[in-house]
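A.B. asks: Contents are compact mmCIF, C-alpha atoms; file name my_file.txt:
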```txt
# COMPACT_ATOMS: atom_id res chain seq x y z
CA MET A 3 151.37 131.49 102.14
CA TYR A 4 147.60 131.52 101.87
CA ARG A 5 145.33 129.61 99.57
CA THR A 6 141.78 130.86 99.08
CA THR A 7 139.21 128.20 99.81
CA ASN A 8 135.61 127.87 98.75
CA THR A 9 133.57 129.28 101.63
CA SER A 10 130.23 128.35 100.14
CA GLN A 11 128.62 125.29 101.70
CA GLU A 12 125.67 123.08 101.12
CA LYS A 13 122.70 123.21 103.46
CA ALA A 14 123.17 122.09 107.04
CA GLU A 15 121.02 119.04 106.35
CA ASP A 16 123.54 117.97 103.68
CA PHE A 17 126.50 118.08 106.10
CA LYS A 18 127.92 114.56 105.91
CA LEU A 19 128.05 112.53 109.10
CA THR A 20 129.30 109.01 109.44
CA PHE A 21 126.72 108.09 112.09
CA GLY A 22 123.43 109.73 111.16
CA ASP A 23 121.49 112.40 109.30
CA GLY A 24 122.58 115.96 108.55
CA LEU A 25 122.53 118.85 110.99
CA SER A 26 119.38 120.68 111.98
CA SER A 27 118.85 124.15 110.57
CA GLU A 28 117.58 125.19 114.03
CA ASN A 29 120.97 124.54 115.63
CA ARG A 30 122.40 127.68 117.25
CA TRP A 31 125.78 127.28 115.54
CA VAL A 32 124.13 126.79 112.16
CA LYS A 33 122.10 129.97 112.68
CA LEU A 34 125.18 131.92 113.76
CA ALA A 35 127.13 130.70 110.73
CA LYS A 36 124.50 132.25 108.46
CA LEU A 37 124.89 135.67 110.11
CA ILE A 38 128.67 135.99 109.75
CA PRO A 39 129.88 137.34 106.36
CA TRP A 40 132.82 134.95 106.00
CA SER A 41 133.71 135.74 102.38
CA GLU A 42 133.63 139.54 102.79
CA PHE A 43 136.68 139.64 105.07
CA GLU A 44 138.70 136.69 103.79
CA THR A 45 140.62 138.85 101.29
CA GLU A 46 141.64 141.29 104.02
CA TYR A 47 142.75 138.37 106.17
CA ALA A 48 144.67 136.74 103.29
CA ASN A 49 146.71 139.94 102.68
CA GLN A 50 148.67 139.17 105.84
CA PHE A 51 150.31 136.16 104.17
CA SER A 52 152.71 135.67 101.32
CA PRO A 53 151.05 134.15 98.24
CA LYS A 54 154.05 131.83 97.59
CA MET A 55 156.22 131.39 100.69
CA GLY A 56 155.45 129.40 103.83
CA ALA A 57 153.07 126.61 104.71
CA PRO A 58 149.39 127.06 103.87
CA ALA A 59 147.58 128.90 106.67
CA LYS A 60 144.27 127.88 108.15
CA PRO A 61 141.23 129.43 106.44
CA PHE A 62 139.78 132.68 107.73
CA ARG A 63 136.52 131.00 108.72
CA MET A 64 138.35 128.43 110.80
CA ALA A 65 140.44 131.08 112.56
CA LEU A 66 137.54 133.40 113.35
CA GLY A 67 135.16 130.54 114.14
CA ALA A 68 137.59 129.02 116.63
CA LEU A 69 137.92 132.32 118.51
CA ILE A 70 134.14 132.77 118.57
CA ILE A 71 133.66 129.25 119.94
CA LYS A 72 136.28 129.86 122.62
CA GLU A 73 134.63 133.11 123.79
CA ARG A 74 131.07 131.79 123.73
CA LEU A 75 131.92 128.57 125.58
CA GLY A 76 134.41 130.27 127.94
CA THR A 77 136.93 127.44 127.57
CA SER A 78 140.72 127.23 127.39
CA ASP A 79 142.61 126.73 124.13
CA GLU A 80 142.98 123.00 124.72
CA GLU A 81 139.36 122.55 125.74
CA THR A 82 138.21 124.54 122.71
CA VAL A 83 140.02 122.19 120.34
CA ALA A 84 138.61 119.17 122.19
CA GLN A 85 135.06 120.56 121.90
CA ILE A 86 135.52 121.12 118.17
CA ARG A 87 136.83 117.58 117.65
CA GLU A 88 133.84 116.04 119.46
CA ASN A 89 131.05 118.27 118.13
CA PRO A 90 129.94 118.11 114.47
CA ASP A 91 127.99 121.36 114.88
CA LEU A 92 131.19 123.20 115.75
CA GLN A 93 133.00 121.61 112.82
CA TYR A 94 130.28 122.84 110.49
CA PHE A 95 130.66 126.30 112.03
CA LEU A 96 134.37 126.23 111.15
CA GLY A 97 133.60 125.47 107.50
CA LEU A 98 134.28 121.72 107.34
CA THR A 99 132.12 119.78 104.91
CA GLU A 100 131.96 116.55 106.91
CA TYR A 101 132.60 115.30 110.40
CA THR A 102 136.10 114.17 111.31
CA ASN A 103 137.31 112.64 114.55
CA LYS A 104 140.68 114.36 114.19
CA GLU A 105 141.60 117.77 115.59
CA PRO A 106 141.42 120.36 112.79
CA PHE A 107 144.39 122.24 114.32
CA GLU A 108 146.54 122.26 117.43
CA ALA A 109 145.66 124.30 120.48
CA SER A 110 148.73 126.51 119.95
CA MET A 111 147.20 127.80 116.70
CA LEU A 112 144.71 129.85 118.70
CA VAL A 113 147.60 132.09 119.75
CA HIS A 114 148.35 132.85 116.07
CA PHE A 115 144.64 133.35 115.33
CA ARG A 116 144.43 136.04 118.02
CA LYS A 117 147.45 137.85 116.57
CA ARG A 118 146.17 137.77 112.98
CA LEU A 119 142.65 138.96 113.80
CA ASN A 120 143.25 142.46 115.14
CA ARG A 121 140.68 144.66 116.86
CA GLU A 122 139.95 146.69 113.75
CA LEU A 123 139.04 143.62 111.72
CA VAL A 124 136.98 142.12 114.54
CA GLY A 125 135.12 145.43 114.92
CA LYS A 126 134.20 145.43 111.23
CA ILE A 127 132.99 141.85 111.47
CA ASN A 128 130.83 142.63 114.53
CA GLU A 129 129.28 145.60 112.74
CA GLN A 130 128.35 143.48 109.74
CA ILE A 131 126.90 140.77 111.97
CA VAL A 132 124.68 143.32 113.76
CA LEU A 133 123.48 144.84 110.48
CA LYS A 134 122.68 141.45 109.02
CA ARG A 135 120.87 140.39 112.18
CA ARG A 136 118.72 143.53 112.12
CA SER A 137 117.93 142.99 108.46
CA THR A 138 116.92 139.38 109.16
CA ASP A 139 114.69 140.46 112.05
CA ARG A 140 112.97 143.10 109.91
CA GLU A 141 112.31 140.60 107.15
CA GLY A 142 110.89 138.17 109.66
CA LYS A 143 108.56 140.83 111.08
CA ARG A 144 107.36 141.85 107.61
CA GLU A 145 106.70 138.24 106.71
CA LYS A 146 104.77 137.72 109.94
CA GLN A 147 102.69 140.85 109.37
CA LYS A 148 101.98 139.74 105.82
CA GLN A 149 100.71 136.39 107.02
CA GLU A 150 98.50 138.06 109.63
CA THR A 151 96.96 140.52 107.15
CA GLU A 152 96.26 137.95 104.44
CA PRO A 153 92.76 136.43 104.87
CA SER A 154 92.79 132.72 105.51
CA ASN A 155 90.33 130.49 103.68
CA THR A 156 87.87 128.09 105.18
CA GLU A 157 87.36 124.54 104.00
CA GLU A 158 84.66 125.76 101.61
CA GLY A 159 87.07 128.28 100.08
CA GLU A 160 85.39 131.38 101.52
CA PRO A 161 87.60 133.93 103.29
CA LEU A 162 86.97 134.54 106.96
CA ALA A 163 85.48 137.90 107.93
CA HIS A 164 87.99 138.41 110.77
CA LYS A 165 90.96 136.63 112.24
CA ASN A 166 90.59 134.42 115.28
CA GLN A 167 91.05 135.90 118.72
CA GLY A 168 91.61 134.41 122.15
CA LYS A 169 92.61 130.89 123.14
CA LEU A 170 90.78 127.60 122.86
CA ILE A 171 90.53 125.56 126.07
CA LEU A 172 89.92 121.92 125.27
CA ASP A 173 89.58 120.68 128.85
CA ALA A 174 86.06 121.60 129.97
CA THR A 175 86.94 120.97 133.61
CA CYS A 176 89.35 123.93 133.52
CA THR A 177 87.00 126.45 131.93
CA PRO A 178 87.30 129.80 133.74
CA ALA A 179 84.05 131.31 135.02
CA ASP A 180 83.43 134.63 136.73
CA ILE A 181 80.20 133.51 138.44
CA SER A 182 79.34 133.89 142.11
CA TYR A 183 76.95 131.41 143.69
CA PRO A 184 73.76 133.44 144.34
CA THR A 185 73.14 132.63 148.00
CA ASP A 186 70.59 134.73 149.87
CA ILE A 187 73.12 136.43 152.11
CA LYS A 188 75.39 137.36 149.18
CA LEU A 189 72.54 138.88 147.20
CA LEU A 190 71.43 140.81 150.27
CA ASN A 191 74.93 142.14 150.85
CA GLN A 192 75.31 143.15 147.20
CA ALA A 193 72.06 145.08 147.38
CA ARG A 194 73.29 146.84 150.50
CA GLU A 195 76.60 147.84 148.87
CA GLN A 196 74.91 149.13 145.72
CA THR A 197 72.44 151.13 147.83
CA GLU A 198 75.31 152.71 149.73
CA LYS A 199 76.94 153.76 146.46
CA ILE A 200 73.69 155.35 145.27
CA LEU A 201 73.37 157.26 148.54
CA ASP A 202 76.93 158.51 148.25
CA ARG A 203 76.30 159.85 144.76
CA LEU A 204 73.05 161.49 145.77
CA TYR A 205 74.65 163.12 148.78
CA GLU A 206 77.40 164.63 146.61
CA GLN A 207 74.71 166.54 144.73
CA VAL A 208 72.96 167.99 147.81
CA LYS A 209 75.69 168.05 150.45
CA ASP A 210 75.58 171.89 150.54
CA LYS A 211 72.06 171.75 151.95
CA PHE A 212 72.83 169.31 154.77
CA ASP A 213 75.13 169.66 157.73
CA ARG A 214 76.07 166.00 157.82
CA LYS A 215 75.76 162.85 155.74
CA PRO A 216 72.75 160.60 156.36
CA ARG A 217 73.45 157.70 158.71
CA THR A 218 73.61 154.33 156.96
CA TYR A 219 75.07 151.96 159.58
CA ARG A 220 77.29 150.45 156.86
CA GLN A 221 80.05 149.42 159.23
CA LYS A 222 77.68 147.51 161.45
CA ALA A 223 75.99 145.90 158.43
CA ARG A 224 79.34 144.86 157.03
CA LYS A 225 80.38 143.36 160.34
CA ASP A 226 77.14 141.37 160.61
CA TYR A 227 77.50 140.10 157.05
CA LEU A 228 81.03 138.87 157.66
CA ALA A 229 79.94 137.13 160.84
CA ILE A 230 77.17 135.26 159.03
CA SER A 231 79.19 134.36 155.93
CA THR A 232 82.21 133.21 157.98
CA LEU A 233 80.06 130.94 160.12
CA ASP A 234 78.38 129.48 157.04
CA ASN A 235 81.77 128.72 155.47
CA ASN A 236 82.95 127.04 158.64
CA LEU A 237 79.91 124.80 158.48
CA ASN A 238 81.16 123.50 155.09
CA GLY A 239 78.49 125.30 153.12
CA GLY A 240 75.59 123.69 154.95
CA ASN A 241 72.00 124.81 154.85
CA LEU A 242 71.93 128.56 155.32
CA ARG A 243 68.77 128.53 157.42
CA ASN A 244 70.31 126.02 159.80
CA GLY A 245 73.37 128.26 159.91
CA PHE A 246 71.18 131.19 160.97
CA ALA A 247 69.72 129.10 163.74
CA ARG A 248 73.13 127.97 164.95
CA GLN A 249 74.62 131.48 164.91
CA PHE A 250 71.60 132.80 166.85
CA VAL A 251 72.28 130.19 169.53
CA GLY A 252 75.96 131.14 169.54
CA GLY A 253 75.29 134.83 170.17
CA VAL A 254 75.60 136.17 166.60
CA PRO A 255 72.88 138.66 165.61
CA PRO A 256 70.11 136.92 163.62
CA LEU A 257 69.25 137.70 160.04
CA LYS A 258 66.34 139.92 161.11
CA GLU A 259 68.71 142.54 162.52
CA THR A 260 70.75 142.48 159.33
CA VAL A 261 67.61 143.03 157.24
CA GLU A 262 66.69 145.96 159.46
CA VAL A 263 70.16 147.46 158.95
CA VAL A 264 69.84 147.17 155.20
CA SER A 265 66.36 148.65 155.23
CA GLN A 266 67.75 151.60 157.15
CA THR A 267 70.47 151.89 154.51
CA ALA A 268 67.91 151.97 151.71
CA SER A 269 65.81 154.69 153.37
CA PRO A 270 68.00 156.88 155.62
CA SER A 271 66.40 159.39 157.95
CA PRO A 272 66.91 163.09 157.15
CA PRO A 273 69.12 165.29 159.32
CA LYS A 274 67.45 167.19 162.12
CA LYS A 275 68.36 170.70 160.91
CA ALA A 276 67.43 170.20 157.29
CA GLN A 277 64.01 170.12 155.67
CA SER A 278 63.96 167.56 152.88
CA SER A 279 61.83 164.83 151.43
CA TRP A 280 64.45 162.30 152.36
```
Show the structure stored in the file as structure tokens.

C.D. replies:
Amino acid sequence: MYRTTNTSQEKAEDFKLTFGDGLSSENRWVKLAKLIPWSEFETEYANQFSPKMGAPAKPFRMALGALIIKERLGTSDEETVAQIRENPDLQYFLGLTEYTNKEPFEASMLVHFRKRLNRELVGKINEQIVLKRRSTDREGKREKQKQETEPSNTEEGEPLAHKNQGKLILDATCTPADISYPTDIKLLNQAREQTEKILDRLYEQVKDKFDRKPRTYRQKARKDYLAISTLDNNLNGGNLRNGFARQFVGGVPPLKETVEVVSQTASPSPPKKAQSSW
């Protein structure tokens, strides 16, 4: 025997609890309950029972919901029933209208639920859930795109010319900055590197006329720069001139040699076999 029940419910917030407010609409079981088409398959489930003989069977939503809870939680039949008795969210998922501290059914009923819900019926239900989920996602995307395309108004009522971009950082101490401290040695090294790039580009245009590339001493200049900058960092960023004096005492080439290297880089000597204005 099967008696059709009213599967329509009030909102989750109106679910009656004896100890507090209604359920949250953001609860995962509340969201899942909205995706499952309970009423569409209840008639097919009810055809398995006699309309007059036997004790009233448990509703289709309770049977299917109990199996879904068991699979998602990975619990035994007894533990599934205990979880349902203790959790008002799960009771709402099964179709109850208010919280009860009693078990809605015995653990042995899960065996009958598995027999009544065959693979064909479960497959149809899964297909409908997927289609409804896709439809909900598409509606959400369209609504989001609509909100992004609609011009927002300012306090004066004038529409903004364009939508905001980027992120606002309220803490000024954490403001990112791509700025290098312009010390003398850094500026000198940057000039050297840029000059080397210019020479490389110029040589590509006239390399057929020269047997070899003009000498720039870039490796030696790079080595001297690293020696000076490393020593200055080890001195905790002290006065750079004092650092030059200290490195000269310690055997590191002075700044004068580095300047000479860079000057040679800026004006390389021409090859011996070639006649050029270089």

A.B. asks: Residues around (135.6, 135.8, 103.6), cut-off 12 Å, counting all atoms listed in the file - what are they as a list in words?

C.D. replies: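 Here the neighbourhood of the point contains Thr6, Thr7, Asn8, Thr9, Ser10, Ile38, Pro39, Trp40, Ser41, Glu42, Phe43, Glu44, Thr45, Glu46, Tyr47, Ala48, Asn49, Pro61, Phe62, Arg63, Met64, Ala65, Leu66, Gly67, Gly97, Leu123 and Ile127 of chain A.
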
A.B. asks: Which of these, A:Arg135, A:Lys60, A:Lys126, A:Lys169, has the shortest distance to Glu108 of chain A once you count all atoms listed in the file?

C.D. replies: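 That would be A:Lys60, the residue with the smallest distance to Glu108 of chain A.
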
A.B. asks: Of the residues A:Lys36, A:Thr77, A:Pro53, A:Leu25, which is the one nearest to Met3 of chain A, using only C-alpha atoms?

C.D. replies: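 Among the listed residues, the smallest separation from Met3 of chain A belongs to A:Pro53.
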
A.B. asks: Report, in Å to a single decimal, how far apart atom CA of Tyr94 of chain A and atom CA of Ala14 of chain A are.

C.D. replies: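 Separation between atom CA of Ala14 of chain A and atom CA of Tyr94 of chain A: 7.9 Å.
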
A.B. asks: Can you tell me which residues surround Tyr4 of chain A at a distance of at most 6 Å, considering all atoms listed in the file, apart from same-chain residues fewer than 4 positions away, and format the answer as a PyMOL selection string?

C.D. replies: chain A and resi 51+53+58-59

A.B. asks: Select, counting all atoms listed in the file, all protein, DNA and RNA residues no farther than 12 Å from (136.3, 123.4, 123.8) in file coordinates, and express the selection as a ChimeraX atom specification.

C.D. replies: /A:68-89,92-93,105,109,112

A.B. asks: By how many Å are atom CA of Gln50 of chain A and atom CA of Thr99 of chain A apart?

C.D. replies: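 Separating atom CA of Gln50 of chain A from atom CA of Thr99 of chain A is a distance of 25.5 Å.
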
A.B. asks: For a test of reading the model, state the distance in Å between atom CA of Asp139 of chain A and atom CA of Leu37 of chain A, rounded to one decimal.

C.D. replies: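 Separation between atom CA of Asp139 of chain A and atom CA of Leu37 of chain A: 11.4 Å.
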